[in-house]
Amino acid sequence: MEKLVSNWYKDQSLPENYIFPPEKRPGKFSVASCNTIPVVDLSKAVDHNRFDIIQQILEAGKEFGFFQVINHGVPEKLIDDTKNVFLEFFEMPAEDKASFYSEDPSKINRLCTSSVNYHREETHYWRDNLRHLCHPSEECIQHWPTKPDRYREVVGAYTIEVKKLGSIILELISKGLGLDSGYFRGKLSEYISLSVNYYPPCPDPSLTLGIAKHCDPNIITILLQGDVSGLQVFKDEEWIAVEPLPNAFVINFGYALQIISNDKLKSADHRAVTNSKNVRMTAAFFINPTVDSIIEPARALTGAENPPIYEAFQYQEFLTNYISMDYRETVLELYKRQA
């Protein structure tokens, strides 16, 4: 528990083991806000507008690997309640969080700090992290925190609504790629988890990171970014900031989706930076394949003129390599077909 940043950040300057080497630091330069990351109004995905919305999502996937979605159907009050209960959790006294804290990287439901590789990383990340499984909800909820008292009620309702949103988005992607309706149902989207990040104010944001440059391994991530900026996407050899929009979600395409689409869609590098003034809280809803799923380019998207770029593989194997390679993009090279 003494390792949690939230327990000691007010009492000292930035420790040496949180200072990144110069080439990995965010620095003090100004990162431009990106006004061009697409914003998709999901309320228009009906009738004659449906095709236009699908095309917006596909174009976002091809160019950015990210988009923001508004008018998505998740109630505003539920979003606010969820953000508040997450903040309440992290700001509870240490003794109230102790029962959920664990340094065992194999434990799926736990509170920890920095990353899953804490004990072998050279430099730590300026964040605490709460993670747990979400599906099936009636089983998973028994392993969630019991404090704050309303945590299970509020977060349970929230995860059900965000899962519905994920299903809608995946169906639109499936339609846009020319895949069968329901292509992403079942095993390709059954392993769902929530990762809540707490970034306290940092003494010197130019020297450390909340999360390092990486791509997600999954199908899609639905990120509740909150009200404080910190998400940056790497595009055209520069970092661009994705500014929060009220009650919007950031949708991030993962490696598994890139592979299934045979590189028609891409997963983009992104990171989280810190700030010196405000607590930043985010909640990432990860839609993953089950570990025994076979991931490969969709057969409907490949043929003699468009051969599959990747070999078929089990998702568990991919995750193992992803973690052991410290999230480096070279993990994709392991599964590319030889020319």
# chains A, B, ... in the order shown; residues from 1 in each chain; ligands from 1
>>> residues_around(residues="A:Leu194", least_positions_apart="3", cutoff="6 Å", atoms="only C-alpha atoms", output="mmCIF file with all heavy atoms, in the first residue's frame")
data_model
loop_
_atom_site.group_PDB
_atom_site.id
_atom_site.type_symbol
_atom_site.label_atom_id
_atom_site.label_comp_id
_atom_site.auth_asym_id
_atom_site.auth_seq_id
_atom_site.Cartn_x
_atom_site.Cartn_y
_atom_site.Cartn_z
ATOM 1 N N ARG A 131 -8.402 -2.283 -11.377
ATOM 2 C CA ARG A 131 -8.884 -3.068 -12.517
ATOM 3 C C ARG A 131 -9.696 -4.260 -12.047
ATOM 4 O O ARG A 131 -9.423 -4.847 -11.006
ATOM 5 C CB ARG A 131 -7.710 -3.543 -13.379
ATOM 6 C CG ARG A 131 -6.673 -4.383 -12.657
ATOM 7 C CD ARG A 131 -5.524 -4.737 -13.581
ATOM 8 N NE ARG A 131 -4.812 -3.553 -14.004
ATOM 9 C CZ ARG A 131 -4.116 -3.443 -15.121
ATOM 10 N NH1 ARG A 131 -4.039 -4.461 -15.943
ATOM 11 N NH2 ARG A 131 -3.494 -2.331 -15.432
ATOM 12 N N HIS A 132 -10.714 -4.591 -12.830
ATOM 13 C CA HIS A 132 -11.497 -5.794 -12.543
ATOM 14 C C HIS A 132 -12.282 -6.218 -13.780
ATOM 15 O O HIS A 132 -12.529 -5.421 -14.691
ATOM 16 C CB HIS A 132 -12.412 -5.606 -11.338
ATOM 17 C CG HIS A 132 -13.365 -4.447 -11.414
ATOM 18 N ND1 HIS A 132 -14.411 -4.387 -12.317
ATOM 19 C CD2 HIS A 132 -13.438 -3.307 -10.677
ATOM 20 C CE1 HIS A 132 -15.088 -3.258 -12.120
ATOM 21 N NE2 HIS A 132 -14.510 -2.583 -11.144
ATOM 22 N N ALA A 284 -11.001 3.087 -18.569
ATOM 23 C CA ALA A 284 -10.910 2.400 -19.854
ATOM 24 C C ALA A 284 -11.689 1.096 -19.794
ATOM 25 O O ALA A 284 -11.420 0.232 -18.952
ATOM 26 C CB ALA A 284 -9.453 2.126 -20.212
ATOM 27 N N PHE A 285 -12.649 0.942 -20.683
ATOM 28 C CA PHE A 285 -13.490 -0.244 -20.784
ATOM 29 C C PHE A 285 -12.957 -1.062 -21.954
ATOM 30 O O PHE A 285 -13.104 -0.698 -23.115
ATOM 31 C CB PHE A 285 -14.938 0.194 -21.025
ATOM 32 C CG PHE A 285 -15.970 -0.888 -20.945
ATOM 33 C CD1 PHE A 285 -16.501 -1.272 -19.731
ATOM 34 C CD2 PHE A 285 -16.455 -1.503 -22.098
ATOM 35 C CE1 PHE A 285 -17.484 -2.250 -19.645
ATOM 36 C CE2 PHE A 285 -17.429 -2.482 -22.026
ATOM 37 C CZ PHE A 285 -17.949 -2.857 -20.803
#
>>> residues_around(residues="stretch 222-231 of chain A", least_positions_apart="3", cutoff="6 Å", atoms="only C-alpha atoms", output="list in words")
Ala241, Val242, Glu243, Pro244, Phe249, Val250, Ile251, Ala272, Val273, Arg280, Thr282, Ala283, Ala284 and Phe285 of chain A
>>> closest_residue(among="A:Lys97, A:Leu58, A:Gly65, A:Cys112", to="A:Lys3", atoms="only C-alpha atoms")
A:Cys112
>>> select_by_dssp(residues="stretch 43-227 of chain A", states="alpha helix (DSSP H)", output="ChimeraX atom specification")
/A:50-63,76-90,94-97,137-140,151-177
>>> closest_residue(among="A:Asp263, A:Glu16, A:Glu296, A:Asp269", to="A:Glu238", atoms="only C-alpha atoms")
A:Asp269
>>> closest_residue(among="A:Arg150, A:Lys163, A:Lys10, A:His124", to="A:Val74", atoms="only C-alpha atoms")
A:Lys163
>>> residues_around(residues="A:Phe67", least_positions_apart="3", cutoff="12 Å", atoms="only C-alpha atoms", output="short mmCIF file (atom, residue, chain, number, x, y, z; two decimals) with all heavy atoms, in the first residue's frame")
data_model
loop_
_atom_site.label_atom_id
_atom_site.label_comp_id
_atom_site.auth_asym_id
_atom_site.auth_seq_id
_atom_site.Cartn_x
_atom_site.Cartn_y
_atom_site.Cartn_z
N CYS A 34 -5.76 18.57 -30.67
CA CYS A 34 -6.15 18.08 -31.99
C CYS A 34 -7.64 18.32 -32.19
O CYS A 34 -8.46 17.70 -31.53
CB CYS A 34 -5.83 16.61 -32.14
SG CYS A 34 -6.31 15.97 -33.74
N ASN A 35 -7.95 19.23 -33.08
CA ASN A 35 -9.35 19.50 -33.39
C ASN A 35 -9.86 18.65 -34.53
O ASN A 35 -11.01 18.76 -34.94
CB ASN A 35 -9.52 20.98 -33.74
CG ASN A 35 -9.16 21.89 -32.58
OD1 ASN A 35 -9.52 21.59 -31.45
ND2 ASN A 35 -8.45 22.96 -32.84
N THR A 36 -8.98 17.80 -35.07
CA THR A 36 -9.37 17.03 -36.24
C THR A 36 -9.65 15.56 -35.95
O THR A 36 -10.06 14.84 -36.84
CB THR A 36 -8.26 17.11 -37.31
OG1 THR A 36 -7.03 16.67 -36.74
CG2 THR A 36 -8.10 18.51 -37.83
N ILE A 37 -9.41 15.11 -34.70
CA ILE A 37 -9.84 13.75 -34.38
C ILE A 37 -11.35 13.71 -34.52
O ILE A 37 -12.05 14.53 -33.93
CB ILE A 37 -9.39 13.34 -32.96
CG1 ILE A 37 -7.90 13.00 -32.99
CG2 ILE A 37 -10.17 12.14 -32.45
CD1 ILE A 37 -7.35 12.52 -31.68
N PRO A 38 -11.86 12.79 -35.31
CA PRO A 38 -13.29 12.81 -35.63
C PRO A 38 -14.19 12.71 -34.40
O PRO A 38 -13.85 12.02 -33.43
CB PRO A 38 -13.46 11.59 -36.54
CG PRO A 38 -12.10 11.34 -37.10
CD PRO A 38 -11.14 11.73 -36.02
N VAL A 39 -15.29 13.38 -34.47
CA VAL A 39 -16.34 13.28 -33.46
C VAL A 39 -17.57 12.71 -34.14
O VAL A 39 -18.09 13.29 -35.08
CB VAL A 39 -16.66 14.65 -32.83
CG1 VAL A 39 -17.80 14.52 -31.82
CG2 VAL A 39 -15.42 15.25 -32.18
N VAL A 40 -18.00 11.56 -33.68
CA VAL A 40 -19.13 10.85 -34.30
C VAL A 40 -20.37 11.02 -33.43
O VAL A 40 -20.34 10.70 -32.24
CB VAL A 40 -18.80 9.35 -34.48
CG1 VAL A 40 -20.02 8.60 -35.00
CG2 VAL A 40 -17.62 9.18 -35.42
N ASP A 41 -21.43 11.52 -34.03
CA ASP A 41 -22.71 11.69 -33.35
C ASP A 41 -23.53 10.43 -33.59
O ASP A 41 -24.11 10.25 -34.66
CB ASP A 41 -23.43 12.92 -33.90
CG ASP A 41 -24.73 13.22 -33.16
OD1 ASP A 41 -25.21 12.34 -32.41
OD2 ASP A 41 -25.28 14.32 -33.35
N LEU A 42 -23.57 9.58 -32.58
CA LEU A 42 -24.19 8.27 -32.77
C LEU A 42 -25.70 8.35 -32.90
O LEU A 42 -26.32 7.41 -33.41
CB LEU A 42 -23.81 7.35 -31.60
CG LEU A 42 -23.74 5.86 -31.92
CD1 LEU A 42 -22.75 5.59 -33.04
CD2 LEU A 42 -23.35 5.08 -30.68
N ILE A 53 -22.47 7.62 -41.00
CA ILE A 53 -21.83 7.40 -39.70
C ILE A 53 -20.83 6.25 -39.80
O ILE A 53 -19.72 6.33 -39.25
CB ILE A 53 -22.89 7.12 -38.62
CG1 ILE A 53 -23.78 8.34 -38.41
CG2 ILE A 53 -22.23 6.71 -37.32
CD1 ILE A 53 -23.05 9.60 -37.98
N GLN A 56 -17.74 7.52 -41.39
CA GLN A 56 -16.97 8.35 -40.46
C GLN A 56 -16.12 7.49 -39.54
O GLN A 56 -14.95 7.79 -39.28
CB GLN A 56 -17.92 9.23 -39.64
CG GLN A 56 -18.54 10.39 -40.38
CD GLN A 56 -19.46 11.19 -39.47
OE1 GLN A 56 -19.18 11.35 -38.28
NE2 GLN A 56 -20.55 11.69 -40.02
N ILE A 57 -16.72 6.41 -39.04
CA ILE A 57 -16.00 5.52 -38.13
C ILE A 57 -14.84 4.84 -38.85
O ILE A 57 -13.72 4.76 -38.33
CB ILE A 57 -16.96 4.48 -37.52
CG1 ILE A 57 -17.95 5.18 -36.57
CG2 ILE A 57 -16.19 3.38 -36.78
CD1 ILE A 57 -19.05 4.27 -36.04
N LEU A 58 -15.08 4.36 -40.06
CA LEU A 58 -14.02 3.69 -40.82
C LEU A 58 -12.89 4.65 -41.16
O LEU A 58 -11.71 4.30 -41.07
CB LEU A 58 -14.59 3.06 -42.09
CG LEU A 58 -15.52 1.86 -41.92
CD1 LEU A 58 -15.86 1.28 -43.28
CD2 LEU A 58 -14.91 0.80 -41.03
N GLU A 59 -13.23 5.85 -41.57
CA GLU A 59 -12.19 6.85 -41.89
C GLU A 59 -11.38 7.20 -40.66
O GLU A 59 -10.16 7.37 -40.72
CB GLU A 59 -12.83 8.11 -42.50
CG GLU A 59 -13.36 7.93 -43.91
CD GLU A 59 -12.27 7.46 -44.87
OE1 GLU A 59 -11.15 8.01 -44.84
OE2 GLU A 59 -12.54 6.53 -45.66
N ALA A 60 -12.06 7.29 -39.51
CA ALA A 60 -11.34 7.55 -38.26
C ALA A 60 -10.37 6.41 -37.96
O ALA A 60 -9.24 6.63 -37.52
CB ALA A 60 -12.32 7.73 -37.11
N GLY A 61 -10.82 5.18 -38.22
CA GLY A 61 -9.97 4.03 -37.97
C GLY A 61 -8.78 3.96 -38.90
O GLY A 61 -7.71 3.51 -38.51
N LYS A 62 -8.96 4.40 -40.11
CA LYS A 62 -7.86 4.36 -41.08
C LYS A 62 -6.83 5.44 -40.80
O LYS A 62 -5.63 5.22 -40.94
CB LYS A 62 -8.42 4.54 -42.50
CG LYS A 62 -9.27 3.39 -42.99
CD LYS A 62 -9.92 3.71 -44.33
CE LYS A 62 -10.84 2.59 -44.79
NZ LYS A 62 -11.54 2.91 -46.04
N GLU A 63 -7.29 6.62 -40.42
CA GLU A 63 -6.37 7.76 -40.28
C GLU A 63 -5.81 7.92 -38.88
O GLU A 63 -4.63 8.22 -38.70
CB GLU A 63 -7.08 9.05 -40.70
CG GLU A 63 -6.15 10.25 -40.70
CD GLU A 63 -6.83 11.51 -41.21
OE1 GLU A 63 -8.01 11.46 -41.57
OE2 GLU A 63 -6.15 12.57 -41.23
N PHE A 64 -6.66 7.72 -37.86
CA PHE A 64 -6.25 8.02 -36.49
C PHE A 64 -6.17 6.80 -35.58
O PHE A 64 -5.39 6.78 -34.64
CB PHE A 64 -7.21 9.02 -35.84
CG PHE A 64 -7.15 10.41 -36.42
CD1 PHE A 64 -8.02 10.79 -37.44
CD2 PHE A 64 -6.24 11.33 -35.96
CE1 PHE A 64 -7.97 12.06 -37.97
CE2 PHE A 64 -6.19 12.62 -36.48
CZ PHE A 64 -7.05 12.98 -37.50
N ILE A 70 -20.33 11.04 -29.34
CA ILE A 70 -21.28 11.81 -28.54
C ILE A 70 -22.69 11.29 -28.82
O ILE A 70 -22.91 10.54 -29.77
CB ILE A 70 -21.20 13.32 -28.85
CG1 ILE A 70 -21.49 13.60 -30.32
CG2 ILE A 70 -19.83 13.88 -28.46
CD1 ILE A 70 -21.59 15.09 -30.66
N ILE A 169 -21.15 -0.06 -31.63
CA ILE A 169 -20.00 0.39 -32.42
C ILE A 169 -19.40 -0.77 -33.21
O ILE A 169 -19.07 -0.63 -34.40
CB ILE A 169 -18.95 1.04 -31.50
CG1 ILE A 169 -19.49 2.36 -30.95
CG2 ILE A 169 -17.63 1.28 -32.25
CD1 ILE A 169 -18.64 2.97 -29.86
N ILE A 220 -11.58 -3.14 -29.13
CA ILE A 220 -11.72 -1.68 -28.96
C ILE A 220 -11.66 -1.35 -27.46
O ILE A 220 -11.94 -2.19 -26.61
CB ILE A 220 -13.01 -1.09 -29.56
CG1 ILE A 220 -14.26 -1.68 -28.89
CG2 ILE A 220 -13.04 -1.24 -31.07
CD1 ILE A 220 -15.55 -0.96 -29.28
N THR A 221 -11.28 -0.10 -27.19
CA THR A 221 -11.32 0.47 -25.85
C THR A 221 -12.30 1.63 -25.86
O THR A 221 -12.27 2.46 -26.78
CB THR A 221 -9.94 0.97 -25.42
OG1 THR A 221 -9.01 -0.12 -25.45
CG2 THR A 221 -9.97 1.56 -24.02
N ILE A 222 -13.15 1.69 -24.84
CA ILE A 222 -14.08 2.81 -24.68
C ILE A 222 -13.62 3.58 -23.45
O ILE A 222 -13.75 3.11 -22.32
CB ILE A 222 -15.53 2.32 -24.53
CG1 ILE A 222 -15.92 1.47 -25.75
CG2 ILE A 222 -16.48 3.50 -24.36
CD1 ILE A 222 -17.30 0.84 -25.64
N LEU A 223 -13.06 4.76 -23.67
CA LEU A 223 -12.43 5.52 -22.59
C LEU A 223 -13.30 6.67 -22.13
O LEU A 223 -13.69 7.53 -22.91
CB LEU A 223 -11.08 6.07 -23.06
CG LEU A 223 -10.32 6.91 -22.02
CD1 LEU A 223 -9.77 6.03 -20.92
CD2 LEU A 223 -9.21 7.72 -22.67
N VAL A 233 -2.17 11.31 -28.66
CA VAL A 233 -2.08 10.32 -29.73
C VAL A 233 -0.92 10.69 -30.64
O VAL A 233 -0.71 11.88 -30.96
CB VAL A 233 -3.40 10.27 -30.54
CG1 VAL A 233 -3.29 9.29 -31.70
CG2 VAL A 233 -4.56 9.89 -29.64
N VAL A 242 -5.74 15.01 -27.15
CA VAL A 242 -7.17 14.79 -27.38
C VAL A 242 -7.93 15.44 -26.22
O VAL A 242 -7.97 14.91 -25.11
CB VAL A 242 -7.49 13.29 -27.47
CG1 VAL A 242 -8.98 13.09 -27.75
CG2 VAL A 242 -6.65 12.62 -28.55
N GLU A 243 -8.48 16.60 -26.49
CA GLU A 243 -9.14 17.34 -25.42
C GLU A 243 -10.50 16.71 -25.09
O GLU A 243 -11.23 16.27 -25.98
CB GLU A 243 -9.35 18.80 -25.85
CG GLU A 243 -8.05 19.58 -26.01
CD GLU A 243 -7.25 19.68 -24.72
OE1 GLU A 243 -7.85 19.55 -23.63
OE2 GLU A 243 -6.03 19.87 -24.80
N PRO A 244 -10.82 16.64 -23.80
CA PRO A 244 -12.11 16.05 -23.40
C PRO A 244 -13.29 16.84 -23.92
O PRO A 244 -13.27 18.08 -23.95
CB PRO A 244 -12.05 16.10 -21.87
CG PRO A 244 -10.61 16.29 -21.52
CD PRO A 244 -10.02 17.07 -22.65
N LEU A 245 -14.31 16.14 -24.36
CA LEU A 245 -15.60 16.73 -24.70
C LEU A 245 -16.60 16.32 -23.63
O LEU A 245 -16.56 15.19 -23.14
CB LEU A 245 -16.08 16.25 -26.07
CG LEU A 245 -15.24 16.61 -27.28
CD1 LEU A 245 -15.83 15.98 -28.55
CD2 LEU A 245 -15.16 18.12 -27.44
N ALA A 248 -18.54 12.75 -23.55
CA ALA A 248 -18.12 11.95 -24.70
C ALA A 248 -17.28 10.77 -24.25
O ALA A 248 -16.72 10.77 -23.14
CB ALA A 248 -17.33 12.82 -25.68
N PHE A 249 -17.19 9.77 -25.09
CA PHE A 249 -16.25 8.67 -24.91
C PHE A 249 -15.22 8.71 -26.04
O PHE A 249 -15.55 9.06 -27.18
CB PHE A 249 -16.96 7.32 -24.94
CG PHE A 249 -17.82 7.04 -23.75
CD1 PHE A 249 -19.20 7.17 -23.82
CD2 PHE A 249 -17.27 6.64 -22.54
CE1 PHE A 249 -20.00 6.91 -22.74
CE2 PHE A 249 -18.07 6.38 -21.44
CZ PHE A 249 -19.44 6.52 -21.53
N VAL A 250 -13.99 8.35 -25.70
CA VAL A 250 -12.95 8.19 -26.73
C VAL A 250 -12.91 6.71 -27.10
O VAL A 250 -12.78 5.85 -26.23
CB VAL A 250 -11.58 8.65 -26.21
CG1 VAL A 250 -10.52 8.44 -27.29
CG2 VAL A 250 -11.63 10.11 -25.78
N ILE A 251 -13.03 6.43 -28.38
CA ILE A 251 -12.99 5.05 -28.88
C ILE A 251 -11.63 4.81 -29.53
O ILE A 251 -11.19 5.57 -30.39
CB ILE A 251 -14.10 4.78 -29.91
CG1 ILE A 251 -15.46 5.25 -29.37
CG2 ILE A 251 -14.12 3.32 -30.30
CD1 ILE A 251 -15.90 4.59 -28.10
N ASN A 252 -10.98 3.76 -29.08
CA ASN A 252 -9.61 3.44 -29.50
C ASN A 252 -9.59 2.05 -30.11
O ASN A 252 -10.04 1.08 -29.48
CB ASN A 252 -8.72 3.54 -28.25
CG ASN A 252 -7.34 2.98 -28.45
OD1 ASN A 252 -6.88 2.79 -29.58
ND2 ASN A 252 -6.68 2.68 -27.35
N PHE A 253 -9.10 1.92 -31.34
CA PHE A 253 -9.03 0.63 -32.01
C PHE A 253 -7.78 -0.12 -31.55
O PHE A 253 -6.69 0.44 -31.54
CB PHE A 253 -8.98 0.81 -33.52
CG PHE A 253 -10.23 1.43 -34.11
CD1 PHE A 253 -11.23 1.95 -33.32
CD2 PHE A 253 -10.40 1.49 -35.48
CE1 PHE A 253 -12.37 2.52 -33.86
CE2 PHE A 253 -11.53 2.06 -36.04
CZ PHE A 253 -12.53 2.57 -35.22
N SER A 267 -4.38 0.51 -35.17
CA SER A 267 -4.27 0.85 -33.76
C SER A 267 -3.16 1.89 -33.61
O SER A 267 -2.07 1.70 -34.15
CB SER A 267 -3.93 -0.39 -32.94
OG SER A 267 -3.85 -0.10 -31.57
N ALA A 268 -3.45 2.99 -32.94
CA ALA A 268 -2.50 4.10 -32.87
C ALA A 268 -1.79 4.15 -31.52
O ALA A 268 -2.37 3.85 -30.47
CB ALA A 268 -3.23 5.42 -33.10
#
